[in-house]
$ cat query-v4.txt   # compact mmCIF, C-alpha atoms
# COMPACT_ATOMS: atom_id res chain seq x y z
CA MET U 68 46.87 119.27 -131.07
CA PRO U 69 47.46 115.52 -131.16
CA LYS U 70 46.77 113.54 -127.99
CA ASP U 71 50.34 112.18 -128.01
CA ASN U 72 51.75 115.71 -127.75
CA ILE U 73 49.49 116.52 -124.81
CA ASP U 74 50.46 113.28 -123.02
CA ARG U 75 54.18 113.99 -123.59
CA ILE U 76 53.87 117.53 -122.19
CA LEU U 77 51.97 116.29 -119.14
CA LYS U 78 54.56 113.57 -118.43
CA SER U 79 57.36 116.10 -118.76
CA ALA U 80 55.66 118.49 -116.33
CA GLU U 81 54.92 115.64 -113.93
CA SER U 82 58.56 114.52 -113.83
CA LYS U 83 59.69 118.11 -113.18
CA MET U 84 57.26 118.39 -110.26
CA GLU U 85 58.69 115.22 -108.71
CA ASN U 86 62.20 116.73 -108.74
CA LEU U 87 61.32 119.93 -106.88
CA GLU U 88 63.13 120.57 -103.61
CA GLU U 89 62.48 123.09 -100.86
CA ILE U 90 65.63 124.81 -99.65
CA ARG U 91 66.27 127.63 -97.18
CA TYR U 92 69.33 129.74 -97.94
CA GLU U 93 70.81 131.89 -95.21
CA GLY U 94 73.15 134.79 -95.55
CA PHE U 95 74.15 138.33 -94.81
CA GLY U 96 73.25 141.08 -97.22
CA PRO U 97 74.68 144.57 -97.46
CA TYR U 98 75.65 146.16 -94.11
CA GLY U 99 75.25 142.83 -92.28
CA LEU U 100 71.52 142.45 -92.97
CA ALA U 101 70.44 138.95 -91.86
CA VAL U 102 68.42 137.21 -94.60
CA LEU U 103 66.52 133.92 -94.95
CA VAL U 104 65.38 132.90 -98.44
CA ASP U 105 62.87 130.08 -98.94
CA VAL U 106 63.30 128.51 -102.38
CA VAL U 107 61.65 125.75 -104.41
CA THR U 108 63.92 124.52 -107.19
CA ASP U 109 64.44 121.63 -109.57
CA ASN U 110 68.22 122.11 -109.54
CA LYS U 111 69.77 122.92 -106.17
CA ASN U 112 73.31 123.31 -107.57
CA ARG U 113 72.19 125.96 -110.05
CA SER U 114 70.13 127.75 -107.41
CA ALA U 115 72.98 127.76 -104.90
CA GLN U 116 75.30 129.44 -107.42
CA GLU U 117 72.66 131.97 -108.45
CA PHE U 118 71.92 132.99 -104.86
CA LYS U 119 75.60 133.10 -103.98
CA SER U 120 76.06 135.50 -106.88
CA ILE U 121 73.13 137.70 -105.79
CA PHE U 122 74.50 137.93 -102.25
CA GLU U 123 78.08 138.66 -103.38
CA LYS U 124 77.06 141.32 -105.93
CA ALA U 125 75.26 143.17 -103.15
CA GLY U 126 78.30 143.07 -100.88
CA GLY U 127 77.06 140.22 -98.71
CA ASN U 128 77.74 136.52 -98.44
CA MET U 129 75.94 133.22 -98.06
CA ALA U 130 76.15 131.52 -94.67
CA SER U 131 75.99 127.92 -93.55
CA PRO U 132 72.67 126.51 -92.29
CA GLY U 133 71.82 127.82 -88.84
CA ALA U 134 74.21 130.79 -88.98
CA VAL U 135 71.35 133.25 -89.52
CA ALA U 136 68.20 131.33 -88.57
CA TYR U 137 68.82 131.67 -84.83
CA ASN U 138 68.11 135.41 -85.26
CA PHE U 139 64.49 134.62 -86.22
CA ASP U 140 61.48 133.11 -84.46
CA HIS U 141 58.97 130.94 -86.33
CA LYS U 142 55.54 132.51 -85.74
CA GLY U 143 52.00 132.30 -87.01
CA TYR U 144 51.00 135.65 -88.53
CA ILE U 145 47.49 137.03 -88.88
CA LEU U 146 46.76 140.47 -90.32
CA VAL U 147 43.47 141.84 -88.98
CA LYS U 148 41.66 144.82 -90.51
CA LYS U 149 41.60 147.77 -88.09
CA ASN U 150 38.32 149.37 -87.18
CA ASP U 151 37.72 152.80 -85.61
CA ASP U 152 38.68 151.57 -82.13
CA ALA U 153 42.02 149.82 -82.68
CA ASP U 154 42.86 149.93 -78.95
CA SER U 155 39.73 147.95 -78.09
CA GLN U 156 40.53 145.46 -80.86
CA THR U 157 44.08 145.07 -79.52
CA LEU U 158 42.79 144.34 -76.01
CA GLN U 159 40.34 141.74 -77.36
CA LEU U 160 43.15 140.06 -79.29
CA ILE U 161 45.41 140.01 -76.23
CA ASP U 162 42.58 138.44 -74.20
CA MET U 163 42.52 135.62 -76.78
CA GLY U 164 46.05 134.69 -75.70
CA VAL U 165 48.03 135.83 -78.73
CA ASP U 166 51.79 136.34 -78.34
CA ASP U 167 51.94 139.89 -79.70
CA VAL U 168 49.86 142.56 -81.47
CA ASN U 169 51.39 145.40 -83.48
CA GLU U 170 49.47 148.23 -85.09
CA VAL U 171 50.73 148.94 -88.61
CA GLU U 172 49.39 150.94 -91.53
CA GLU U 173 47.71 147.87 -93.13
CA GLY U 174 45.97 146.75 -89.92
CA LEU U 175 46.83 144.84 -86.76
CA GLU U 176 49.60 142.24 -86.97
CA VAL U 177 48.91 139.33 -84.65
CA LEU U 178 51.69 136.85 -83.81
CA VAL U 179 50.91 133.43 -82.34
CA ASN U 180 52.54 130.06 -81.84
CA PRO U 181 52.52 128.36 -85.28
CA SER U 182 50.66 125.35 -83.87
CA GLN U 183 47.82 127.68 -82.76
CA LEU U 184 47.54 129.61 -86.03
CA SER U 185 44.38 127.91 -87.30
CA SER U 186 42.51 127.92 -83.99
CA THR U 187 43.43 131.56 -83.27
CA ASN U 188 42.34 132.56 -86.76
CA ASP U 189 38.98 130.84 -86.16
CA LYS U 190 38.57 132.70 -82.82
CA ILE U 191 39.37 136.05 -84.44
CA ILE U 192 36.84 135.47 -87.20
CA GLY U 193 34.36 134.22 -84.60
CA VAL U 194 34.34 137.54 -82.73
CA GLY U 195 33.65 139.39 -85.98
CA PHE U 196 37.06 140.71 -87.01
CA GLU U 197 38.00 140.74 -90.67
CA VAL U 198 41.17 138.73 -91.36
CA LEU U 199 43.20 140.02 -94.30
CA ARG U 200 46.09 137.51 -94.33
CA VAL U 201 47.16 134.33 -92.53
CA GLU U 202 50.60 132.73 -92.91
CA ASN U 203 53.62 131.29 -91.18
CA LYS U 204 56.52 133.74 -90.89
CA MET U 205 60.05 133.99 -89.65
CA VAL U 206 60.07 137.08 -87.41
CA PRO U 207 63.40 138.79 -86.65
CA LYS U 208 64.42 138.91 -82.98
CA ASN U 209 66.35 142.15 -83.51
CA TYR U 210 65.86 145.05 -85.87
CA ALA U 211 68.41 147.50 -87.26
CA GLU U 212 67.46 151.01 -88.28
CA ILE U 213 69.12 152.19 -91.47
CA SER U 214 68.70 155.95 -91.78
CA GLU U 215 71.05 156.78 -94.68
CA PRO U 216 69.09 156.86 -97.97
CA GLU U 217 71.92 155.34 -100.05
CA LYS U 218 72.17 152.38 -97.66
CA GLN U 219 68.38 151.95 -97.73
CA ASP U 220 68.42 151.96 -101.54
CA LYS U 221 71.17 149.34 -101.68
CA ILE U 222 69.34 147.06 -99.22
CA MET U 223 66.01 147.45 -101.04
CA ALA U 224 67.63 146.69 -104.40
CA PHE U 225 69.23 143.56 -102.91
CA LEU U 226 65.92 142.34 -101.42
CA GLU U 227 64.09 143.04 -104.69
CA ASN U 228 66.71 141.01 -106.61
CA LEU U 229 66.08 138.09 -104.29
CA GLU U 230 62.29 138.36 -104.52
CA ASP U 231 62.39 138.66 -108.32
CA HIS U 232 64.15 135.29 -108.66
CA ASP U 233 61.77 132.67 -110.11
CA ASP U 234 62.59 130.04 -107.46
CA VAL U 235 62.01 132.31 -104.43
CA GLN U 236 58.91 131.67 -102.33
CA LYS U 237 59.60 134.05 -99.40
CA VAL U 238 62.34 136.36 -98.17
CA PHE U 239 62.74 137.24 -94.49
CA SER U 240 65.14 139.95 -93.30

$ encode --input "query-v4.txt" --output "C-alpha cells"
Amino acid sequence: MPKDNIDRILKSAESKMENLEEIRYEGFGPYGLAVLVDVVTDNKNRSAQEFKSIFEKAGGNMASPGAVAYNFDHKGYILVKKNDDADSQTLQLIDMGVDDVNEVEEGLEVLVNPSQLSSTNDKIIGVGFEVLRVENKMVPKNYAEISEPEKQDKIMAFLENLEDHDDVQKVFS
C-alpha cells in the first residue's frame, strides 16, 4: 500500500477523533424506567435523533438534562471475588470505611466515594482480596420490581437496543 494512502487514512481518523463528544442522554423507558445513557459520538444531532427514536419505539421518552440524573448517585464501584467466608470479608470491607457492600452472585459489590476509588482499591488488594472489576457507576437511589414476564421482556429488549448502539459507552437504569 502506498505511503500516501496510509497518511491519508491516518489524517482522516485523526480528524474524526478530534470531533468526538461525550454526551449523557436521560429519559424514561417502558413503564417509567429511569435511564441514563453515556454516549461518545462524532455527530450529536444524529445521535440525539437515534436515541429519541429508540426511546419512543419502546414506549418511553427522552428527558431534559437533570430530569433523571437526580435519581442516581455517582459512586466508585469495586467487585471483589467472594471467598468461603463472605461475612468475614464484608466486615473487613466495612472496617475499611466503604459506603456499602452487597453480596451478589458474581462476588461482593463495594461502593465508595468516587474520589476514594483508587485508594480503596489499593487497600482491598493490600489485604489480599481479589478485585474483579473497578469502575465509576451511576447507582439508582430507588429500585422498582417488575414481576410480570412480558414487562420484563419489553424492558430488557429496550436496554439491549440501547447497549447495542455503536455510540453507547454505558447504560444505567

$ closest_residue --input "query-v4.txt" --among "U:Gly174, U:Ser240, U:Val168, U:Gln219" --to "Asp151 in chain U" --atoms "only C-alpha atoms"
U:Gly174

$ atom_distance --input "query-v4.txt" --atom1 "CA of Val198 in chain U" --atom2 "CA of Asp152 in chain U"
16.0 Å

$ closest_residue --input "query-v4.txt" --among "U:Val171, U:Ile145, U:Ala153, U:Leu226" --to "Gln183 in chain U" --atoms "all atoms listed in the file"
U:Ile145

$ closest_residue --input "query-v4.txt" --among "U:Glu202, U:Asn110, U:Asp189, U:Ala224" --to "Glu176 in chain U" --atoms "all atoms listed in the file"
U:Glu202

$ closest_residue --input "query-v4.txt" --among "U:Pro216, U:Pro207, U:Gly133, U:Gly143" --to "Asn188 in chain U" --atoms "only C-alpha atoms"
U:Gly143

$ closest_residue --input "query-v4.txt" --among "U:Ser114, U:Asn128, U:Gln159, U:Ser120" --to "Tyr98 in chain U" --atoms "all atoms listed in the file"
U:Asn128

$ residues_around --input "query-v4.txt" --residues "Lys142 in chain U" --least-positions-apart "6" --cutoff "6 Å" --atoms "all atoms listed in the file" --output "list in words"
Val179, Asn180, Pro181, Asn203 and Lys204 of chain U

$ residues_around --input "query-v4.txt" --residues "Leu229 in chain U" --least-positions-apart "2" --cutoff "8 Å" --atoms "only C-alpha atoms" --output "list in words"
Val104, Phe118, Ile121, Phe225, Leu226, Glu227, Asp231, His232, Val235 and Val238 of chain U

$ closest_residue --input "query-v4.txt" --among "U:Ile213, U:Ile191, U:Met129, U:Ile161" --to "Phe95 in chain U" --atoms "all atoms listed in the file"
U:Met129

$ residues_around --input "query-v4.txt" --residues "Asp234 in chain U" --least-positions-apart "6" --cutoff "12 Å" --atoms "only C-alpha atoms" --output "ChimeraX atom specification"
/U:87-92,104-111,113-115,117-118,228

$ atom_distance --input "query-v4.txt" --atom1 "CA of Asp220 in chain U" --atom2 "CA of Ala130 in chain U"
22.9 Å

$ residues_around --input "query-v4.txt" --residues "Glu173 in chain U" --least-positions-apart "3" --cutoff "10 Å" --atoms "only C-alpha atoms" --output "list in words"
Leu146, Val147, Lys148, Lys149, Glu170, Glu176 and Leu199 of chain U

$ atom_distance --input "query-v4.txt" --atom1 "CA of Glu215 in chain U" --atom2 "CA of Val102 in chain U"
19.7 Å
